[in-house]
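Below is protein-v5.tsv, holding TSV, C-alpha atoms.
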```tsv
chain	number	residue	atom	x	y	z
U	1	MET	CA	89.18	96.85	101.40
U	2	ILE	CA	89.87	95.66	97.89
U	3	ASN	CA	92.02	92.57	97.80
U	4	SER	CA	94.96	94.15	96.05
U	5	ASN	CA	97.12	91.03	96.12
U	6	LEU	CA	94.66	89.01	94.20
U	7	THR	CA	93.45	90.90	91.21
U	8	MET	CA	94.96	94.38	91.27
U	9	GLY	CA	95.98	95.48	87.81
U	10	THR	CA	99.63	95.16	86.91
U	11	ASP	CA	99.55	97.69	84.10
U	12	SER	CA	101.69	100.79	84.35
U	13	GLY	CA	98.90	103.19	85.20
U	14	ASN	CA	97.20	106.04	83.43
U	15	ILE	CA	99.67	106.48	80.61
U	16	GLN	CA	98.01	108.28	77.75
U	17	PRO	CA	98.87	107.44	74.15
U	18	ILE	CA	101.54	109.79	72.87
U	19	MET	CA	101.07	109.56	69.13
U	20	LYS	CA	102.08	112.89	67.67
U	21	ASP	CA	98.73	113.70	66.12
U	22	ARG	CA	97.00	112.94	69.42
U	23	ARG	CA	99.00	115.37	71.51
U	24	LYS	CA	96.77	118.31	70.70
U	25	LEU	CA	93.63	116.34	71.37
U	26	LEU	CA	94.42	114.80	74.75
U	27	PRO	CA	94.44	116.65	78.04
U	28	LEU	CA	97.73	116.76	79.91
U	29	GLU	CA	98.26	113.91	82.36
U	30	ASP	CA	97.97	116.20	85.38
U	31	ALA	CA	94.71	117.63	84.06
U	32	ASP	CA	92.65	114.48	84.24
U	33	THR	CA	89.10	115.39	85.20
U	34	SER	CA	87.74	111.86	84.93
U	35	ILE	CA	86.92	109.84	88.00
U	36	GLU	CA	89.31	107.11	86.87
U	37	THR	CA	92.25	108.56	88.75
U	38	LEU	CA	94.26	107.68	91.78
U	39	SER	CA	91.94	109.70	93.99
U	40	PHE	CA	91.01	106.69	96.12
U	41	THR	CA	94.54	106.17	97.42
U	42	SER	CA	95.37	109.83	97.77
U	43	ASN	CA	92.13	110.68	99.58
U	44	LEU	CA	92.45	107.71	101.89
U	45	ASN	CA	96.07	108.60	102.68
U	46	ARG	CA	95.07	112.15	103.52
U	47	VAL	CA	92.25	111.07	105.77
U	48	THR	CA	94.44	108.51	107.53
U	49	ARG	CA	97.13	111.13	108.11
U	50	ILE	CA	94.59	113.58	109.51
U	51	PHE	CA	93.24	111.01	111.95
U	52	ILE	CA	96.72	109.92	113.05
U	53	GLU	CA	97.82	113.54	113.57
U	54	ASN	CA	94.65	114.15	115.49
U	55	LEU	CA	95.24	111.10	117.68
U	56	MET	CA	98.91	111.94	118.29
U	57	GLY	CA	98.38	115.61	118.91
U	58	GLU	CA	96.07	115.78	121.84
U	59	GLY	CA	97.60	113.57	124.50
U	60	ILE	CA	96.11	110.56	126.22
U	61	ARG	CA	92.44	109.94	125.57
U	62	ALA	CA	89.77	107.94	127.33
U	63	PRO	CA	89.08	104.52	125.74
U	64	GLY	CA	85.51	105.55	124.88
U	65	GLU	CA	86.74	108.62	123.02
U	66	LEU	CA	89.32	106.55	121.14
U	67	LEU	CA	86.63	104.13	120.12
U	68	GLU	CA	84.48	106.97	118.78
U	69	ILE	CA	87.41	108.32	116.75
U	70	ILE	CA	88.12	104.87	115.32
U	71	LYS	CA	84.44	104.38	114.46
U	72	ARG	CA	84.37	107.74	112.69
U	73	TYR	CA	87.55	106.88	110.81
U	74	MET	CA	86.03	103.58	109.69
U	75	LYS	CA	82.89	105.33	108.46
U	76	ILE	CA	84.91	107.82	106.43
U	77	HIS	CA	87.18	105.03	105.17
U	78	GLU	CA	84.08	103.20	103.92
U	79	LEU	CA	82.73	106.38	102.35
U	80	ILE	CA	85.96	107.01	100.45
U	81	GLU	CA	86.22	103.38	99.45
U	82	LYS	CA	82.70	103.47	98.07
U	83	ASN	CA	83.13	106.69	96.15
U	84	PHE	CA	86.72	106.74	95.00
U	85	ILE	CA	87.77	103.18	94.42
U	86	SER	CA	88.91	102.98	90.85
U	87	LEU	CA	86.15	101.60	88.68
U	88	GLU	CA	88.81	99.60	86.90
U	89	ASP	CA	89.85	97.83	90.11
U	90	LEU	CA	86.25	97.24	91.06
U	91	ARG	CA	85.51	95.84	87.63
U	92	ARG	CA	88.38	93.40	87.92
U	93	GLU	CA	87.22	92.21	91.32
U	94	LEU	CA	83.62	91.78	90.22
U	95	THR	CA	84.68	90.04	87.03
U	96	TYR	CA	86.70	87.57	89.06
U	97	LEU	CA	83.82	86.97	91.49
U	98	SER	CA	81.37	86.36	88.69
U	99	LYS	CA	83.72	83.71	87.33
U	100	ILE	CA	84.09	81.72	90.54
U	101	TYR	CA	80.54	82.10	91.86
U	102	ASN	CA	77.17	81.58	90.24
U	103	LEU	CA	75.23	84.80	90.66
U	104	ARG	CA	71.47	84.90	91.17
U	105	GLU	CA	70.09	88.19	89.87
U	106	PRO	CA	73.62	89.28	88.88
U	107	SER	CA	72.86	93.00	88.67
U	108	ARG	CA	71.50	92.98	92.24
U	109	VAL	CA	74.52	91.09	93.57
U	110	LEU	CA	76.96	93.37	91.75
U	111	GLU	CA	75.14	96.47	92.95
U	112	PHE	CA	75.27	95.20	96.53
U	113	LEU	CA	79.02	94.57	96.25
U	114	ARG	CA	79.58	97.95	94.64
U	115	ASN	CA	77.96	99.48	97.69
U	116	ASN	CA	79.83	97.22	100.10
U	117	VAL	CA	83.26	96.94	98.51
U	118	SER	CA	84.85	96.01	101.82
U	119	LEU	CA	83.07	92.63	101.60
U	120	ILE	CA	84.73	91.66	98.31
U	121	PRO	CA	87.99	90.23	99.75
U	122	LEU	CA	86.00	88.20	102.26
U	123	VAL	CA	83.74	86.81	99.54
U	124	VAL	CA	86.82	85.85	97.52
U	125	GLU	CA	88.47	84.23	100.55
U	126	ALA	CA	85.25	82.41	101.40
U	127	TYR	CA	85.30	80.69	98.04
U	128	GLY	CA	88.72	79.14	98.78
U	129	LYS	CA	87.61	78.03	102.25
U	130	ILE	CA	84.36	76.54	100.96
U	131	ARG	CA	86.37	74.55	98.43
U	132	GLU	CA	88.38	73.00	101.29
U	133	TYR	CA	85.26	71.71	103.06
U	134	PHE	CA	82.98	71.18	100.06
U	135	PRO	CA	85.29	70.36	97.14
U	136	GLN	CA	82.47	69.30	94.81
U	137	ALA	CA	79.89	71.95	95.68
U	138	ASP	CA	78.85	74.97	93.62
U	139	ALA	CA	78.94	78.32	95.35
U	140	VAL	CA	76.12	80.76	94.67
U	141	LEU	CA	75.79	84.44	95.60
U	142	GLU	CA	72.37	85.93	96.19
U	143	VAL	CA	71.10	89.13	97.80
U	144	ILE	CA	68.29	88.39	100.23
U	145	THR	CA	66.02	90.95	101.83
U	146	ASP	CA	65.05	90.40	105.44
U	147	PRO	CA	61.28	90.97	105.30
U	148	GLU	CA	61.07	92.03	108.95
U	149	GLU	CA	63.84	94.60	108.96
U	150	ALA	CA	63.96	95.39	105.23
U	151	ASN	CA	67.75	94.95	105.38
U	152	GLU	CA	69.61	93.38	102.52
U	153	GLU	CA	72.29	90.78	103.07
U	154	LEU	CA	74.51	88.83	100.73
U	155	VAL	CA	74.23	85.08	101.12
U	156	ILE	CA	76.74	82.51	99.91
U	157	PHE	CA	74.80	79.31	99.25
U	158	ILE	CA	76.91	76.16	99.15
U	159	ARG	CA	74.98	73.95	96.76
U	160	THR	CA	75.78	70.40	97.66
U	161	ASN	CA	74.47	66.91	97.10
U	162	LEU	CA	75.95	65.62	100.35
U	163	PRO	CA	73.51	64.06	102.84
U	164	PRO	CA	72.17	66.83	105.13
U	165	ASP	CA	73.90	65.49	108.27
U	166	GLU	CA	77.27	65.45	106.57
U	167	ALA	CA	76.71	68.88	104.97
U	168	PHE	CA	75.75	70.53	108.25
U	169	LYS	CA	78.68	68.86	110.03
U	170	ARG	CA	81.08	70.33	107.48
U	171	LEU	CA	79.43	73.74	107.66
U	172	GLU	CA	79.78	73.72	111.44
U	173	GLN	CA	83.45	72.86	111.08
U	174	LEU	CA	83.93	75.70	108.56
U	175	ASP	CA	82.25	78.04	111.06
U	176	LYS	CA	84.54	76.97	113.89
U	177	ASP	CA	87.76	76.91	111.90
U	178	TRP	CA	87.36	80.15	109.97
U	179	TRP	CA	84.00	81.87	109.50
U	180	LEU	CA	83.22	82.89	113.10
U	181	ASP	CA	86.40	84.98	113.27
U	182	ALA	CA	86.43	86.08	109.66
U	183	SER	CA	82.82	87.25	109.66
U	184	TYR	CA	83.43	89.80	112.41
U	185	GLU	CA	84.22	92.51	109.85
U	186	ALA	CA	81.22	91.67	107.70
U	187	GLY	CA	78.69	92.49	110.39
U	188	GLU	CA	75.30	91.23	109.30
U	189	LYS	CA	75.86	91.86	105.62
U	190	LEU	CA	77.23	88.47	104.63
U	191	CYS	CA	76.36	84.92	105.65
U	192	ILE	CA	76.92	81.36	104.47
U	193	HIS	CA	74.27	78.65	104.17
U	194	VAL	CA	74.09	75.22	102.61
U	195	GLU	CA	71.54	74.52	99.92
U	196	PHE	CA	70.69	71.06	98.71
U	197	THR	CA	70.55	70.26	95.05
U	198	GLU	CA	67.22	69.24	93.56
U	199	ASP	CA	68.52	65.69	93.01
U	200	LEU	CA	68.99	65.25	96.71
U	201	ILE	CA	65.67	66.86	97.62
U	202	GLY	CA	63.99	64.46	95.17
U	203	ARG	CA	65.74	61.47	96.73
U	204	SER	CA	65.03	62.46	100.32
U	205	ILE	CA	61.35	62.96	99.59
G	1	MET	CA	68.87	94.71	78.95
G	2	LYS	CA	68.65	97.42	81.58
G	3	ILE	CA	70.48	100.75	81.32
G	4	ARG	CA	71.03	102.87	84.41
G	5	LEU	CA	73.17	105.77	85.54
G	6	GLY	CA	75.59	104.60	88.24
G	7	ARG	CA	77.11	107.92	89.21
G	8	ALA	CA	77.53	111.53	88.18
G	9	ASP	CA	80.27	113.91	89.27
G	10	ILE	CA	81.66	117.32	88.60
G	11	VAL	CA	85.44	117.63	88.87
G	12	ILE	CA	87.07	121.06	88.89
G	13	LEU	CA	90.85	121.32	88.78
G	14	ALA	CA	92.57	124.49	89.93
G	15	ASP	CA	96.06	125.74	90.71
G	16	ALA	CA	95.02	126.58	94.26
G	17	HIS	CA	91.73	125.45	95.70
G	18	ASN	CA	91.27	126.46	99.30
G	19	PRO	CA	90.01	123.45	101.29
G	20	SER	CA	90.25	125.38	104.55
G	21	ILE	CA	87.15	127.43	103.77
G	22	VAL	CA	85.00	124.48	102.77
G	23	SER	CA	83.44	123.79	106.16
G	24	PRO	CA	79.87	122.62	106.83
G	25	MET	CA	79.09	126.09	108.17
G	26	TRP	CA	80.45	127.86	105.07
G	27	LEU	CA	78.51	125.53	102.76
G	28	LYS	CA	75.33	126.29	104.69
G	29	GLU	CA	75.90	130.03	105.08
G	30	LYS	CA	76.55	130.43	101.38
G	31	GLU	CA	73.59	128.19	100.58
G	32	LEU	CA	75.80	125.94	98.53
G	33	ILE	CA	74.67	122.78	100.35
G	34	VAL	CA	72.17	123.49	103.09
G	35	GLU	CA	71.73	119.87	104.16
G	36	GLU	CA	73.19	118.77	107.46
G	37	PRO	CA	76.51	116.94	107.22
G	38	LYS	CA	76.56	113.18	107.75
G	39	GLN	CA	80.37	113.12	107.69
G	40	PHE	CA	82.91	115.86	107.37
G	41	ILE	CA	86.61	116.54	107.63
G	42	HIS	CA	87.83	120.09	107.48
G	43	THR	CA	91.58	120.85	107.27
G	44	PRO	CA	93.79	123.34	105.39
G	45	ASP	CA	94.85	120.75	102.79
G	46	PHE	CA	91.82	118.55	102.44
G	47	SER	CA	88.11	118.80	103.18
G	48	LEU	CA	85.38	116.24	102.84
G	49	PHE	CA	81.66	116.81	103.29
G	50	GLU	CA	78.92	114.24	102.94
G	51	SER	CA	75.21	115.02	103.21
G	52	GLU	CA	72.12	113.11	102.17
G	53	SER	CA	72.39	114.22	98.54
G	54	PHE	CA	76.03	115.14	97.95
G	55	LEU	CA	79.61	114.18	98.56
G	56	LEU	CA	82.12	116.97	98.17
G	57	VAL	CA	85.87	116.40	98.41
G	58	VAL	CA	88.42	119.12	97.84
G	59	ASP	CA	92.19	119.31	98.05
G	60	ARG	CA	94.43	122.07	96.72
G	61	GLN	CA	94.27	120.87	93.14
G	62	ARG	CA	90.98	119.08	92.78
G	63	LEU	CA	87.36	119.52	93.74
G	64	GLN	CA	84.99	116.62	93.21
G	65	ILE	CA	81.25	116.94	93.80
G	66	THR	CA	79.22	113.75	93.52
G	67	ALA	CA	75.43	113.46	93.39
G	68	LYS	CA	74.38	110.54	95.56
G	69	LYS	CA	71.11	110.20	93.69
G	70	GLN	CA	71.09	110.03	89.94
G	71	ASP	CA	67.68	111.39	88.93
G	72	PRO	CA	67.49	114.52	86.72
G	73	ASP	CA	66.40	116.70	89.64
G	74	SER	CA	69.48	115.70	91.65
G	75	LEU	CA	71.72	116.32	88.63
G	76	GLU	CA	70.28	119.81	88.26
G	77	LYS	CA	71.08	120.45	91.92
G	78	LEU	CA	74.58	119.07	91.35
G	79	ALA	CA	75.13	121.55	88.52
G	80	ASN	CA	73.88	124.37	90.76
G	81	VAL	CA	76.36	123.43	93.49
G	82	GLY	CA	79.23	123.40	90.98
G	83	LYS	CA	78.19	126.71	89.46
G	84	LYS	CA	77.67	128.43	92.76
G	85	TYR	CA	81.05	127.23	94.02
G	86	ILE	CA	82.97	128.91	91.22
G	87	GLU	CA	80.78	132.02	91.40
G	88	LEU	CA	81.49	132.33	95.13
G	89	LEU	CA	85.22	131.85	94.56
G	90	PRO	CA	85.91	133.61	91.24
G	91	HIS	CA	89.51	134.51	92.12
G	92	ILE	CA	90.67	130.87	92.09
G	93	PRO	CA	92.66	130.04	88.93
G	94	TYR	CA	90.57	127.19	87.54
G	95	ARG	CA	92.27	124.91	85.04
G	96	ALA	CA	89.88	122.22	83.88
G	97	LEU	CA	86.35	120.99	84.32
G	98	GLY	CA	85.09	117.43	84.04
G	99	LEU	CA	81.45	116.45	83.78
G	100	ASN	CA	81.37	112.72	84.43
G	101	PHE	CA	78.74	110.02	84.05
G	102	VAL	CA	79.05	106.30	84.61
G	103	TRP	CA	76.38	104.21	82.93
G	104	PHE	CA	75.79	100.51	83.39
G	105	ALA	CA	74.16	98.31	80.77
G	106	GLU	CA	73.14	95.12	82.52
G	107	MET	CA	71.90	91.86	81.21
G	108	ASP	CA	68.23	91.38	81.97
G	109	GLU	CA	65.87	88.45	81.52
G	110	ASP	CA	66.31	88.91	77.77
G	111	GLY	CA	69.96	87.81	78.19
G	112	TYR	CA	71.19	90.39	75.67
G	113	LEU	CA	74.31	92.53	75.87
G	114	PRO	CA	75.96	94.20	72.89
G	115	LYS	CA	79.13	92.53	71.69
G	116	ILE	CA	82.24	94.67	71.52
G	117	ASN	CA	84.71	93.93	68.74
G	118	VAL	CA	88.03	95.56	67.99
G	119	ILE	CA	89.28	96.05	64.46
G	120	ILE	CA	92.89	97.10	63.93
G	121	ASP	CA	93.52	97.79	60.26
G	122	SER	CA	92.65	94.54	58.58
G	123	ILE	CA	92.75	92.46	61.77
G	124	ASN	CA	89.24	91.95	63.01
G	125	ASP	CA	89.75	88.82	65.05
G	126	LEU	CA	92.38	89.05	67.76
G	127	SER	CA	91.96	85.42	68.66
G	128	SER	CA	94.31	84.63	65.79
G	129	ILE	CA	96.95	86.78	67.52
G	130	LEU	CA	96.12	85.54	71.01
G	131	PRO	CA	95.30	81.90	70.35
G	132	GLU	CA	94.02	79.80	73.27
G	133	HIS	CA	93.13	82.96	75.20
G	134	GLU	CA	89.73	83.90	76.47
G	135	ILE	CA	89.25	87.40	75.07
G	136	ASP	CA	87.00	90.19	76.34
G	137	TYR	CA	87.07	93.46	74.44
G	138	GLY	CA	86.65	96.96	75.78
G	139	CYS	CA	87.59	100.26	74.25
G	140	ILE	CA	88.41	103.93	74.75
G	141	ILE	CA	86.98	106.53	72.41
G	142	TYR	CA	88.20	110.12	72.26
G	143	ALA	CA	85.69	112.46	70.64
G	144	SER	CA	86.38	116.16	70.41
G	145	LYS	CA	83.64	118.75	69.96
G	146	LYS	CA	84.12	122.29	71.22
G	147	PRO	CA	84.17	123.09	74.06
G	148	TYR	CA	84.90	119.61	75.37
G	149	LEU	CA	86.91	116.50	74.72
G	150	LEU	CA	84.90	113.39	75.49
G	151	LYS	CA	86.77	110.34	76.72
G	152	LEU	CA	84.42	107.39	76.66
G	153	THR	CA	85.73	104.21	78.22
G	154	ILE	CA	83.71	101.06	77.59
G	155	ASN	CA	84.50	98.10	79.80
G	156	PRO	CA	82.89	94.68	79.90
G	157	GLN	CA	82.08	93.60	83.43
G	158	GLY	CA	82.11	89.88	83.92
G	159	GLY	CA	79.84	88.99	81.03
G	160	ASN	CA	76.83	90.39	82.85
G	161	ALA	CA	77.26	94.11	82.35
G	162	ILE	CA	79.08	96.78	80.41
G	163	VAL	CA	80.31	99.98	82.04
G	164	PHE	CA	80.29	103.21	80.02
G	165	ASN	CA	82.45	105.86	81.63
G	166	PHE	CA	81.94	109.35	80.14
G	167	ASN	CA	84.40	112.15	80.91
G	168	TYR	CA	83.46	115.46	79.26
G	169	HIS	CA	86.72	117.29	79.80
G	170	HIS	CA	86.79	121.10	79.38
G	171	GLU	CA	89.95	123.18	79.41
G	172	VAL	CA	88.98	126.36	81.30
G	173	LYS	CA	92.29	128.04	82.06
G	174	GLY	CA	91.94	131.80	81.70
G	175	LEU	CA	88.23	131.70	80.92
G	176	GLU	CA	85.70	134.03	82.53
G	177	ILE	CA	83.64	132.58	85.39
G	178	ASP	CA	80.46	133.08	83.34
G	179	VAL	CA	81.82	130.86	80.59
G	180	ILE	CA	82.80	128.11	83.03
G	181	ALA	CA	79.37	128.38	84.68
G	182	ASN	CA	77.77	127.96	81.26
G	183	TYR	CA	79.80	124.79	80.72
G	184	ILE	CA	78.59	123.43	84.07
G	185	ASP	CA	75.06	124.31	83.01
G	186	THR	CA	75.34	121.75	80.22
G	187	LEU	CA	75.48	118.91	82.79
G	188	LEU	CA	71.87	117.92	82.32
G	189	SER	CA	71.98	118.03	78.53
G	190	LEU	CA	75.24	116.02	78.50
G	191	TYR	CA	73.63	113.53	80.86
G	192	ARG	CA	70.78	113.05	78.37
G	193	TYR	CA	73.22	112.95	75.47
G	194	SER	CA	75.33	110.30	77.20
G	195	GLU	CA	72.20	108.25	77.89
G	196	LYS	CA	71.30	108.47	74.22
G	197	ILE	CA	74.78	107.33	73.23
G	198	VAL	CA	74.57	104.30	75.55
G	199	GLU	CA	71.11	103.44	74.25
G	200	LYS	CA	72.26	103.65	70.67
G	201	ILE	CA	75.38	101.59	71.28
G	202	CYS	CA	73.32	98.98	73.08
G	203	SER	CA	70.67	98.84	70.41
G	204	GLY	CA	73.34	98.56	67.72
G	205	ARG	CA	71.99	101.56	65.85
G	206	GLU	CA	74.19	104.14	64.17
G	207	GLU	CA	74.19	107.82	65.09
G	208	ASN	CA	72.39	109.52	62.24
G	209	ASP	CA	71.22	112.80	63.69
```
Just dump the structure as structure tokens.
Amino acid sequence: MINSNLTMGTDSGNIQPIMKDRRKLLPLEDADTSIETLSFTSNLNRVTRIFIENLMGEGIRAPGELLEIIKRYMKIHELIEKNFISLEDLRRELTYLSKIYNLREPSRVLEFLRNNVSLIPLVVEAYGKIREYFPQADAVLEVITDPEEANEELVIFIRTNLPPDEAFKRLEQLDKDWWLDASYEAGEKLCIHVEFTEDLIGRSI
Amino acid sequence: MKIRLGRADIVILADAHNPSIVSPMWLKEKELIVEEPKQFIHTPDFSLFESESFLLVVDRQRLQITAKKQDPDSLEKLANVGKKYIELLPHIPYRALGLNFVWFAEMDEDGYLPKINVIIDSINDLSSILPEHEIDYGCIIYASKKPYLLKLTINPQGGNAIVFNFNYHHEVKGLEIDVIANYIDTLLSLYRYSEKIVEKICSGREEND
């Protein structure tokens, strides 16, 4: 889900200019046929209501059946998120990410995040956590393809010049303190690795 | 720089769409979308149908059909779905039609992206008005040409890309179904036209034809 607390716009919405000479030209506010509308929220609200009514309406269910309903809800939630999230909100999120991270093959990274918008808040949160354990390191985002399974995953590389032992120790601590729990929602689409700067590689050789 | 179509949709507004009839079976029976559903919700107020090629969402006021692939063949199929829908349901009081395209211009190895500037009367450098601010410009262009009003929104995206959001808005209240169908038929030509506009903006050339 988009991290609304962080970078959601604070403008007053889709208010059209009301200059007198423009009135004839512009469509009425309730006749907006663009995809930049509030359809994400309204569609998601409808779907949520339908699922809740469905769950409430038919008595006690077996745990397996409940799980199936929840899985289906999550799939539809993801579908709506992918197709109806306001492009403006998405743009703001991606703009912010591209400022805090270095992107390798930016268009590929942005495309991956556009298709997996639910990862964006986690990627933003990860940056703050990485800063706690690696205050001096750069954080890099790269989409990697698993050659065996042809699956794509987004990797956060922590580029550090710490000695390898110290870097891996800190990464392990980050895993224990935060990532192992936080990564549950990300499935296998996001992971964190350390990467050593060329200076260090040169020195260690 | 690389230019690509990110999405294409048809939006049809009406006073009273009927989501309750838009079931996977109805779509198949009427040969509107014959593909098997991957996801669907079917209720009196809201229906959603996703197949391999399309996503269709309808509530009482708004129908949105999205092509999941953006090649010309898929766009032609998208137009056919939109046309067939209104031809199957001619009694619905349709109000407006939107033919929408979202284009992305992305920085490539060449490192080039067009620079957007805003000029307001004689002010052509807003940094004098917003000193010490980091400024990114975007813009909205309204361009009217019968039978549509084009709203083109141009947004910079993090220094690496620019998003061009085209909304070809058509007022269709009271029009014959044939006329609305003809408007939907222009989807492919408007797609090509929008591509041409993006190319020309990105190459810095002026529209001379």
Residues within 7 Å of stretch 167-170 of chain G, all atoms listed in the file, excluding chain neighbours under 6 positions, as a count of residues only: 14
Could you list the residues in chain U lying within 7 Å of chain G, using all atoms listed in the file, and format the result as a PyMOL selection string? chain U and resi 31+33-34+91+94-95+98+106-107
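Going from atom CA of G:Ser194 to atom CA of G:Leu5 covers 9.7 Å.
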U:Ile192: which residues within 10 Å, counting only C-alpha atoms, same-chain residues fewer than 2 positions away excluded, as a ChimeraX atom specification? /U:126,130,139-141,154-158,171,174-175,179,183,190,194-195
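Closest approach to G:Leu187 from the set G:Pro90, G:Pro44, G:Gly82, G:Gly138 is made by G:Gly82, with distances taken over all atoms listed in the file.
Among G:Ser53, G:Asp121, G:Leu113, G:Asn18, the residue with the shortest atom-to-atom distance to G:Asp73, counting all atoms listed in the file, is G:Ser53.
When atom CA of U:Lys82 is paired with atom CA of U:Leu113, their separation reads 9.8 Å.
Here atom CA of G:Glu132 stands at a distance of 24.0 Å from atom CA of U:Asn102.
The shortest atom-to-atom distance to G:Tyr193, with only C-alpha atoms taken into account, belongs to G:Trp103 out of G:Phe54, G:Trp103, G:Tyr94, G:Tyr85.
Near U:Val124, within a cut-off of 10 Å and counting all atoms listed in the file, sit the residues U:Asn3, U:Leu6, U:Glu93, U:Leu94, U:Tyr96, U:Leu97, U:Ile100, U:Tyr101, U:Leu119, U:Ile120, U:Pro121, U:Leu122, U:Ala126, U:Tyr127, U:Gly128, U:Lys129, with same-chain residues fewer than 2 positions away left out.
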Polymer residues at most 12 Å from G:Met25, all atoms listed in the file, same-chain spacing of 4 or more positions, as a PDB file with C-alpha atoms, keeping the file's coordinate frame:
```pdb
ATOM      1  CA  SER G  20      90.250 125.380 104.550  1.00  0.00           C
ATOM      2  CA  ILE G  21      87.150 127.430 103.770  1.00  0.00           C
ATOM      3  CA  GLU G  29      75.900 130.030 105.080  1.00  0.00           C
ATOM      4  CA  LYS G  30      76.550 130.430 101.380  1.00  0.00           C
ATOM      5  CA  GLU G  31      73.590 128.190 100.580  1.00  0.00           C
ATOM      6  CA  LEU G  32      75.800 125.940  98.530  1.00  0.00           C
ATOM      7  CA  ILE G  33      74.670 122.780 100.350  1.00  0.00           C
ATOM      8  CA  VAL G  34      72.170 123.490 103.090  1.00  0.00           C
ATOM      9  CA  GLU G  35      71.730 119.870 104.160  1.00  0.00           C
ATOM     10  CA  GLU G  36      73.190 118.770 107.460  1.00  0.00           C
ATOM     11  CA  PRO G  37      76.510 116.940 107.220  1.00  0.00           C
ATOM     12  CA  PHE G  40      82.910 115.860 107.370  1.00  0.00           C
ATOM     13  CA  HIS G  42      87.830 120.090 107.480  1.00  0.00           C
ATOM     14  CA  PHE G  49      81.660 116.810 103.290  1.00  0.00           C
TER      15      PHE G  49
END
```
Would you fill out stretch 40-55 of chain U with N, CA and C atoms and return it as a compact mmCIF listing (two decimals), in the frame of the given file?
```txt
# COMPACT_ATOMS: atom_id res chain seq x y z
N PHE U 40 91.32 107.55 94.98
CA PHE U 40 91.01 106.69 96.12
C PHE U 40 92.19 106.65 97.09
N THR U 41 93.37 106.30 96.57
CA THR U 41 94.54 106.17 97.42
C THR U 41 94.91 107.50 98.05
N SER U 42 94.92 108.55 97.23
CA SER U 42 95.37 109.83 97.77
C SER U 42 94.39 110.35 98.82
N ASN U 43 93.10 110.21 98.58
CA ASN U 43 92.13 110.68 99.58
C ASN U 43 92.21 109.86 100.86
N LEU U 44 92.38 108.56 100.70
CA LEU U 44 92.45 107.71 101.89
C LEU U 44 93.72 108.03 102.70
N ASN U 45 94.83 108.24 101.98
CA ASN U 45 96.07 108.60 102.68
C ASN U 45 95.91 109.89 103.45
N ARG U 46 95.26 110.87 102.83
CA ARG U 46 95.07 112.15 103.52
C ARG U 46 94.24 111.98 104.78
N VAL U 47 93.14 111.26 104.62
CA VAL U 47 92.25 111.07 105.77
C VAL U 47 92.97 110.32 106.89
N THR U 48 93.72 109.29 106.52
CA THR U 48 94.44 108.51 107.53
C THR U 48 95.43 109.42 108.26
N ARG U 49 96.15 110.24 107.49
CA ARG U 49 97.13 111.13 108.11
C ARG U 49 96.45 112.10 109.09
N ILE U 50 95.30 112.63 108.65
CA ILE U 50 94.59 113.58 109.51
C ILE U 50 94.18 112.92 110.83
N PHE U 51 93.68 111.71 110.74
CA PHE U 51 93.24 111.01 111.95
C PHE U 51 94.44 110.69 112.85
N ILE U 52 95.54 110.26 112.24
CA ILE U 52 96.72 109.92 113.05
C ILE U 52 97.25 111.18 113.74
N GLU U 53 97.34 112.28 112.98
CA GLU U 53 97.82 113.54 113.57
C GLU U 53 96.92 113.97 114.72
N ASN U 54 95.62 113.79 114.48
CA ASN U 54 94.65 114.15 115.49
C ASN U 54 94.83 113.29 116.75
N LEU U 55 95.07 112.02 116.54
CA LEU U 55 95.24 111.10 117.68
C LEU U 55 96.54 111.40 118.43
```
